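Trainee: I'd like to ask some things about the structure below.
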Amino acid sequence: MRRSRSGVLAAVLFVVALGAGTYWLTTAPDDDTLQTSVSVADAMSSDTTGYQRATTVRDFSFPADHGPHRDFKNEWWYVTGNIDGPSGTPFGYELTIFRFALTPPDHNTAVLASAGSDWRTNQFYMAHFALSNGDAKTFHAFERFGRGGAGIAGAQAEPFRVWLEDWSMQSVQEGSTFPIRLQARTPEVGVNLTLRPEKPMVLQGDRGLSQKGPGQGNASYYYSYTRLDTKGTLMTSGDTLAVTGESWMDREWSTSALGPNQVGWDWFSLQLDDGRELMYYQLRNADGSASRFSDGTLVGPDGSTESVTAADVSLEIHDTWTSPDGTHTYPVDWTLRIPSRDIDLRITPYFPGQELDVSVRYWEGAVRVTGSHSGRGYVELTGYGDSPASPTS
């Protein structure tokens, strides 16, 4: 869901971004160190006055909707993937770019009109990049922040481009959003990948309106590309490897919040070897039970879709993993069943230690799927360690 992403991850991160935005706008530009910690529930309580909200089903328009929606408080471009090196080594990667409006749209217009400088901006960006090596069991995670001005970070629909410094997603050819080139590099690891859709876009929820909690407007506009052919190169340990595999892209924008009884979520994006994909997010209540707003989609080999609700799904936890500092315990081994669709899946990570210890601490990792179907995918877990509720099925 986003983010999730896992989709509502960006809403969780808004308070962090607001604090980080103040930090970046009042300190030296070359000071990029920021250490913060915020719980999911606390971050979700930020003010939403003056922003548009996702309240009704809408018509999507492309390529415009691939670009930014600045009247909404936050949005994200969220890509995860499973790719293989020449010798068959499995790697998992995540690159997510978040946009945040730091003040409501009317105020944004007034400030920008009087700014007089490209450095003055109400738009703030954050990006996460992570890479897992399934054989070596190594995990690298990185975070960046940047102003949405002076070319540091931004988003546009035509030609499609979203970037934060040299981390980016952008169209390869003029006049077409896809294929997309995805690039991110650090001194330790990097990726340079080209993504091409193998299936049509999927509108999640009710024709793209994804309700996350009680009350009108606690929702997002949400669409996905559930199977993207992926080719390119990966840099790790000083070597550059040719890689191939498949990716998943989620797009959401919203001005949404968790309900007062919701503390986090478990989000699954699974690509099955029979040509189907399953997205399911289970929102968790404070007592550990599944929220009735949990939701998902089963995508057929031909791109057709079926809705999956909380009543359709049982999720059983077999094992947990605790972070090295002992503060966060996550489920890391599941059975996910949808009896009405003859689905009975065992979901296990490449290895348990795939936690991003960043501004909002969460677990996001590459997983294998066995059982009634085989495959691979990604799981995102948020809110663990932020509330008294422990992992339960």
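Letters A, B, ... go to the chains of the structure tokens in the order shown; residues in each chain start at 1; ligands are counted from 1 in the same order.
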Hey, what's within 7 Å of range 230-237 of chain A if we count only C-alpha atoms and toss same-chain stuff fewer than 6 positions away? As a list in words, please?
Mentor: Glu188, Val189, Gly190, Val191, Asn192, Leu193, Thr194, Leu195, Arg196, Val243, Thr244, Gly245, Glu246 and Ser247 of chain A
Trainee: Which neighbours of Glu198 in chain A fall inside 9 Å, counting only C-alpha atoms, when residues of the same chain fewer than 5 positions from it are skipped, and could you give them as an MDAnalysis selection string?
Mentor: chainID A and resid 225:229
Trainee: Write out as a ChimeraX atom specification all residues of range 136-362 of chain A that backbone DSSP assigns to strand (DSSP E or B).
Mentor: /A:138-147,153-156,161-164,167-171,180-185,189-197,202-203,206,209-211,219-236,239-254,262-272,277-285,290,295-299,305-309,314-322,329-338,343-349,355-356,362
Trainee: Near Tyr125 in chain A, counting only C-alpha atoms, which residues have an atom at most 8 Å away, once you skip same-chain residues fewer than 3 positions from it, shown as number ranges by chain?
Mentor: A: 17, 97-100, 145-148, 153-154, 164
Trainee: Quick one: pull the distance between CA of Asp166 in chain A and CA of Pro105 in chain A, Å, one decimal.
Mentor: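 Between these atoms lies a distance of 27.6 Å.
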Trainee: Give the answer as one residue: which of A:Val369, A:Ala286, A:Val202, A:Ala130 has the shortest atom-to-atom distance to Trp248 in chain A, using only C-alpha atoms?
Mentor: A:Val202
Trainee: Could you pull out the alpha helix (DSSP H) residues of range 63-300 of chain A, going by DSSP on the backbone, and write them as a PyMOL selection string?
Mentor: chain A and resi 105-113
Trainee: Restricted to N, CA, C and O atoms, what would the selected residues look like written as a PDB file, in the first residue's frame?
Mentor:
```pdb
ATOM      1  N   PRO A 105      -3.078  24.837  -1.081  1.00  0.00           N
ATOM      2  CA  PRO A 105      -2.938  25.358  -2.445  1.00  0.00           C
ATOM      3  C   PRO A 105      -3.072  26.866  -2.558  1.00  0.00           C
ATOM      4  O   PRO A 105      -2.269  27.516  -3.232  1.00  0.00           O
ATOM      5  N   ASP A 106      -4.068  27.497  -1.927  1.00  0.00           N
ATOM      6  CA  ASP A 106      -4.244  28.944  -2.051  1.00  0.00           C
ATOM      7  C   ASP A 106      -3.040  29.682  -1.505  1.00  0.00           C
ATOM      8  O   ASP A 106      -2.565  30.668  -2.080  1.00  0.00           O
ATOM      9  N   HIS A 107      -2.514  29.213  -0.405  1.00  0.00           N
ATOM     10  CA  HIS A 107      -1.333  29.843   0.185  1.00  0.00           C
ATOM     11  C   HIS A 107      -0.112  29.619  -0.702  1.00  0.00           C
ATOM     12  O   HIS A 107       0.712  30.503  -0.878  1.00  0.00           O
ATOM     13  N   ASN A 108      -0.032  28.419  -1.296  1.00  0.00           N
ATOM     14  CA  ASN A 108       1.080  28.133  -2.212  1.00  0.00           C
ATOM     15  C   ASN A 108       1.144  29.160  -3.328  1.00  0.00           C
ATOM     16  O   ASN A 108       2.195  29.698  -3.668  1.00  0.00           O
ATOM     17  N   THR A 109      -0.036  29.438  -3.929  1.00  0.00           N
ATOM     18  CA  THR A 109      -0.085  30.366  -5.054  1.00  0.00           C
ATOM     19  C   THR A 109       0.402  31.744  -4.641  1.00  0.00           C
ATOM     20  O   THR A 109       1.186  32.390  -5.337  1.00  0.00           O
ATOM     21  N   ALA A 110      -0.051  32.213  -3.470  1.00  0.00           N
ATOM     22  CA  ALA A 110       0.344  33.546  -3.007  1.00  0.00           C
ATOM     23  C   ALA A 110       1.835  33.624  -2.723  1.00  0.00           C
ATOM     24  O   ALA A 110       2.509  34.595  -3.083  1.00  0.00           O
ATOM     25  N   VAL A 111       2.366  32.591  -2.092  1.00  0.00           N
ATOM     26  CA  VAL A 111       3.786  32.594  -1.754  1.00  0.00           C
ATOM     27  C   VAL A 111       4.644  32.556  -3.007  1.00  0.00           C
ATOM     28  O   VAL A 111       5.603  33.316  -3.157  1.00  0.00           O
ATOM     29  N   LEU A 112       4.275  31.677  -3.957  1.00  0.00           N
ATOM     30  CA  LEU A 112       5.088  31.541  -5.163  1.00  0.00           C
ATOM     31  C   LEU A 112       5.037  32.814  -6.010  1.00  0.00           C
ATOM     32  O   LEU A 112       6.016  33.185  -6.652  1.00  0.00           O
ATOM     33  N   ALA A 113       3.876  33.490  -6.019  1.00  0.00           N
ATOM     34  CA  ALA A 113       3.753  34.702  -6.816  1.00  0.00           C
ATOM     35  C   ALA A 113       4.658  35.813  -6.305  1.00  0.00           C
ATOM     36  O   ALA A 113       5.111  36.671  -7.070  1.00  0.00           O
TER      37      ALA A 113
END
```
Trainee: Counting only C-alpha atoms, figure out which residue out of A:Tyr384, A:Trp253, A:Trp363, A:Phe62 gets nearest to Glu94 in chain A.
Mentor: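 Checking each candidate against Glu94 in chain A, we get A:Trp363 as the closest.
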Trainee: Choose the residue, out of A:Val360, A:Met169, A:Ala136, A:Leu131, that has the smallest atom-to-atom separation from Gly67 in chain A; count only C-alpha atoms.
Mentor: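 With only C-alpha atoms as the atom set, the closest residue is A:Met169.
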Trainee: Rounded to one decimal, what separation in Å do you get between CA of Gly259 in chain A and CA of Asn285 in chain A?
Mentor: 8.9 Å
Trainee: In Å, how far is it from CA of Gly275 in chain A to CA of Asp206 in chain A?
Mentor: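 Rounded to one decimal, the two atoms are 23.1 Å apart.
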Trainee: I need the residue nearest Pro200 in chain A from this list: A:Thr255, A:Thr305, A:Gln156, A:Glu364. Use only C-alpha atoms for the distance.
Mentor: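 Of A:Thr255, A:Thr305, A:Gln156, A:Glu364, the one nearest Pro200 in chain A, counting only C-alpha atoms, is A:Thr305.
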Trainee: Name the residues in contact with Gly175 in chain A at a cut-off of 8 Å, using only C-alpha atoms, excluding same-chain residues fewer than 2 positions from it; report them as JSON, numbers by chain.
Mentor: {"A": [158, 159, 173, 177]}
Trainee: With only C-alpha atoms as the basis for distance, which of A:Asp65, A:Asp266, A:Glu143, A:Glu380 is at the shortest distance from Tyr221 in chain A?
Mentor: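 Closest candidate: A:Asp65.
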Trainee: Excluding Ala141 in chain A and its own-chain neighbours fewer than 6 positions away, which residues fall within 10 Å of it when counting only C-alpha atoms? Please give them as number ranges by chain.
Mentor: A: 93-95, 128-132, 186, 189, 354-358
Trainee: Name the closest residue to Ser87 in chain A among the candidates A:Asp135, A:Pro339, A:Trp334, A:Ile347; distances are taken between atoms, counting only C-alpha atoms.
Mentor: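 Ranked by minimum distance to Ser87 in chain A, first place goes to A:Asp135.
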Trainee: Please identify all polymer residues within 12 Å of Leu315 in chain A, counting only C-alpha atoms, omitting same-chain residues fewer than 2 positions from it, and present them as an mmCIF file with C-alpha atoms, in the first residue's frame.
Mentor:
```
data_model
loop_
_atom_site.group_PDB
_atom_site.id
_atom_site.type_symbol
_atom_site.label_atom_id
_atom_site.label_comp_id
_atom_site.auth_asym_id
_atom_site.auth_seq_id
_atom_site.Cartn_x
_atom_site.Cartn_y
_atom_site.Cartn_z
ATOM 1 C CA ASP A 266 0.830 -4.930 6.113
ATOM 2 C CA TRP A 267 0.966 -4.481 2.322
ATOM 3 C CA PHE A 268 1.605 -7.317 -0.155
ATOM 4 C CA TYR A 280 -3.570 -6.791 -0.636
ATOM 5 C CA TYR A 281 -3.140 -4.374 2.247
ATOM 6 C CA GLN A 282 -4.308 -5.223 5.736
ATOM 7 C CA LEU A 283 -4.770 -2.135 7.872
ATOM 8 C CA ARG A 284 -4.294 -2.912 11.580
ATOM 9 C CA SER A 289 -7.101 -6.966 14.468
ATOM 10 C CA ALA A 290 -7.648 -6.318 10.765
ATOM 11 C CA SER A 294 -8.393 -3.617 4.342
ATOM 12 C CA ALA A 310 -10.889 -8.271 4.240
ATOM 13 C CA ALA A 311 -13.707 -10.820 4.468
ATOM 14 C CA ASP A 312 -12.114 -12.822 1.622
ATOM 15 C CA VAL A 313 -8.626 -13.070 3.154
ATOM 16 C CA ILE A 317 1.794 -15.193 10.916
ATOM 17 C CA HIS A 318 4.363 -17.955 11.488
ATOM 18 C CA PRO A 331 6.064 -10.491 11.181
ATOM 19 C CA ASP A 333 6.590 -15.341 7.532
ATOM 20 C CA TRP A 334 2.946 -15.598 6.501
ATOM 21 C CA THR A 335 0.273 -17.802 5.022
ATOM 22 C CA LEU A 336 -2.188 -15.763 2.966
ATOM 23 C CA ARG A 337 -5.360 -17.582 1.965
ATOM 24 C CA ILE A 338 -8.233 -16.554 -0.310
ATOM 25 C CA PRO A 339 -10.404 -19.694 -0.309
ATOM 26 C CA ILE A 343 -5.259 -19.272 -3.249
ATOM 27 C CA ASP A 344 -3.123 -20.605 -0.388
ATOM 28 C CA LEU A 345 0.274 -18.887 -0.334
ATOM 29 C CA ARG A 346 3.304 -19.167 1.940
ATOM 30 C CA ILE A 347 5.196 -15.856 1.847
ATOM 31 C CA PRO A 391 2.066 -8.837 15.541
ATOM 32 C CA THR A 392 -1.007 -11.030 15.348
ATOM 33 C CA SER A 393 -2.711 -12.924 12.572
#
```
Trainee: Which residues, written as a PDB file with all heavy atoms, in the first residue's frame, have at least one atom at most 10 Å from Gly300 in chain A, with only C-alpha atoms counted and residues fewer than 3 positions away on the same chain left out?
Mentor:
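Dumped to result-v8.pdb:
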```
ATOM      1  N   LYS A 199       1.266  -5.361 -18.808  1.00  0.00           N
ATOM      2  CA  LYS A 199      -0.185  -5.388 -18.664  1.00  0.00           C
ATOM      3  C   LYS A 199      -0.713  -3.960 -18.595  1.00  0.00           C
ATOM      4  O   LYS A 199       0.039  -3.027 -18.285  1.00  0.00           O
ATOM      5  CB  LYS A 199      -0.584  -6.132 -17.380  1.00  0.00           C
ATOM      6  CG  LYS A 199      -0.357  -7.624 -17.425  1.00  0.00           C
ATOM      7  CD  LYS A 199      -0.932  -8.252 -16.174  1.00  0.00           C
ATOM      8  CE  LYS A 199      -0.815  -9.762 -16.246  1.00  0.00           C
ATOM      9  NZ  LYS A 199      -1.418 -10.398 -15.048  1.00  0.00           N
ATOM     10  N   ASP A 274       1.627 -17.992 -12.469  1.00  0.00           N
ATOM     11  CA  ASP A 274       0.544 -18.323 -13.411  1.00  0.00           C
ATOM     12  C   ASP A 274       0.080 -17.086 -14.180  1.00  0.00           C
ATOM     13  O   ASP A 274      -0.929 -17.143 -14.893  1.00  0.00           O
ATOM     14  CB  ASP A 274      -0.628 -18.980 -12.687  1.00  0.00           C
ATOM     15  CG  ASP A 274      -1.350 -18.050 -11.719  1.00  0.00           C
ATOM     16  OD1 ASP A 274      -0.890 -16.898 -11.542  1.00  0.00           O
ATOM     17  OD2 ASP A 274      -2.373 -18.465 -11.140  1.00  0.00           O
ATOM     18  N   GLY A 275       0.825 -15.973 -14.035  1.00  0.00           N
ATOM     19  CA  GLY A 275       0.500 -14.767 -14.780  1.00  0.00           C
ATOM     20  C   GLY A 275      -0.406 -13.800 -14.045  1.00  0.00           C
ATOM     21  O   GLY A 275      -0.729 -12.738 -14.583  1.00  0.00           O
ATOM     22  N   ARG A 276      -0.811 -14.127 -12.807  1.00  0.00           N
ATOM     23  CA  ARG A 276      -1.646 -13.237 -12.024  1.00  0.00           C
ATOM     24  C   ARG A 276      -0.801 -12.423 -11.032  1.00  0.00           C
ATOM     25  O   ARG A 276       0.330 -12.796 -10.708  1.00  0.00           O
ATOM     26  CB  ARG A 276      -2.723 -14.031 -11.268  1.00  0.00           C
ATOM     27  CG  ARG A 276      -3.751 -14.662 -12.180  1.00  0.00           C
ATOM     28  CD  ARG A 276      -4.891 -15.270 -11.386  1.00  0.00           C
ATOM     29  NE  ARG A 276      -4.458 -16.403 -10.573  1.00  0.00           N
ATOM     30  CZ  ARG A 276      -5.260 -17.044  -9.710  1.00  0.00           C
ATOM     31  NH1 ARG A 276      -6.527 -16.655  -9.563  1.00  0.00           N
ATOM     32  NH2 ARG A 276      -4.799 -18.079  -9.028  1.00  0.00           N
ATOM     33  N   GLU A 277      -1.381 -11.307 -10.561  1.00  0.00           N
ATOM     34  CA  GLU A 277      -0.774 -10.513  -9.506  1.00  0.00           C
ATOM     35  C   GLU A 277      -1.811 -10.279  -8.418  1.00  0.00           C
ATOM     36  O   GLU A 277      -3.012 -10.171  -8.705  1.00  0.00           O
ATOM     37  CB  GLU A 277      -0.275  -9.144  -9.999  1.00  0.00           C
ATOM     38  CG  GLU A 277       0.827  -9.217 -11.039  1.00  0.00           C
ATOM     39  CD  GLU A 277       0.277  -9.340 -12.441  1.00  0.00           C
ATOM     40  OE1 GLU A 277      -0.611  -8.546 -12.808  1.00  0.00           O
ATOM     41  OE2 GLU A 277       0.706 -10.276 -13.163  1.00  0.00           O
ATOM     42  N   LEU A 278      -1.329 -10.193  -7.194  1.00  0.00           N
ATOM     43  CA  LEU A 278      -2.198  -9.928  -6.057  1.00  0.00           C
ATOM     44  C   LEU A 278      -1.648  -8.744  -5.268  1.00  0.00           C
ATOM     45  O   LEU A 278      -0.493  -8.759  -4.839  1.00  0.00           O
ATOM     46  CB  LEU A 278      -2.281 -11.149  -5.144  1.00  0.00           C
ATOM     47  CG  LEU A 278      -3.022 -10.942  -3.807  1.00  0.00           C
ATOM     48  CD1 LEU A 278      -4.504 -10.628  -4.056  1.00  0.00           C
ATOM     49  CD2 LEU A 278      -2.872 -12.166  -2.913  1.00  0.00           C
ATOM     50  N   THR A 297      -6.684  -6.341  -4.749  1.00  0.00           N
ATOM     51  CA  THR A 297      -7.080  -6.616  -6.127  1.00  0.00           C
ATOM     52  C   THR A 297      -6.314  -7.827  -6.634  1.00  0.00           C
ATOM     53  O   THR A 297      -5.098  -7.936  -6.431  1.00  0.00           O
ATOM     54  CB  THR A 297      -6.774  -5.412  -7.041  1.00  0.00           C
ATOM     55  OG1 THR A 297      -7.417  -4.249  -6.532  1.00  0.00           O
ATOM     56  CG2 THR A 297      -7.251  -5.673  -8.458  1.00  0.00           C
ATOM     57  N   GLY A 303      -5.136  -9.103 -17.631  1.00  0.00           N
ATOM     58  CA  GLY A 303      -5.287  -7.754 -17.099  1.00  0.00           C
ATOM     59  C   GLY A 303      -6.630  -7.493 -16.454  1.00  0.00           C
ATOM     60  O   GLY A 303      -6.842  -6.403 -15.913  1.00  0.00           O
ATOM     61  N   SER A 304      -7.550  -8.452 -16.493  1.00  0.00           N
ATOM     62  CA  SER A 304      -8.836  -8.283 -15.824  1.00  0.00           C
ATOM     63  C   SER A 304      -8.627  -8.255 -14.311  1.00  0.00           C
ATOM     64  O   SER A 304      -7.635  -8.775 -13.793  1.00  0.00           O
ATOM     65  CB  SER A 304      -9.787  -9.417 -16.197  1.00  0.00           C
ATOM     66  OG  SER A 304      -9.239 -10.673 -15.809  1.00  0.00           O
ATOM     67  N   THR A 305      -9.556  -7.638 -13.574  1.00  0.00           N
ATOM     68  CA  THR A 305      -9.371  -7.463 -12.141  1.00  0.00           C
ATOM     69  C   THR A 305     -10.569  -7.985 -11.356  1.00  0.00           C
ATOM     70  O   THR A 305     -11.703  -7.951 -11.826  1.00  0.00           O
ATOM     71  CB  THR A 305      -9.151  -5.986 -11.775  1.00  0.00           C
ATOM     72  OG1 THR A 305     -10.297  -5.213 -12.167  1.00  0.00           O
ATOM     73  CG2 THR A 305      -7.913  -5.440 -12.476  1.00  0.00           C
ATOM     74  N   GLU A 306     -10.281  -8.467 -10.136  1.00  0.00           N
ATOM     75  CA  GLU A 306     -11.292  -8.880  -9.178  1.00  0.00           C
ATOM     76  C   GLU A 306     -10.971  -8.209  -7.849  1.00  0.00           C
ATOM     77  O   GLU A 306      -9.819  -8.205  -7.405  1.00  0.00           O
ATOM     78  CB  GLU A 306     -11.295 -10.391  -8.974  1.00  0.00           C
ATOM     79  CG  GLU A 306     -11.563 -11.219 -10.199  1.00  0.00           C
ATOM     80  CD  GLU A 306     -11.451 -12.705  -9.871  1.00  0.00           C
ATOM     81  OE1 GLU A 306     -12.287 -13.212  -9.094  1.00  0.00           O
ATOM     82  OE2 GLU A 306     -10.508 -13.342 -10.359  1.00  0.00           O
TER      83      GLU A 306
END
```
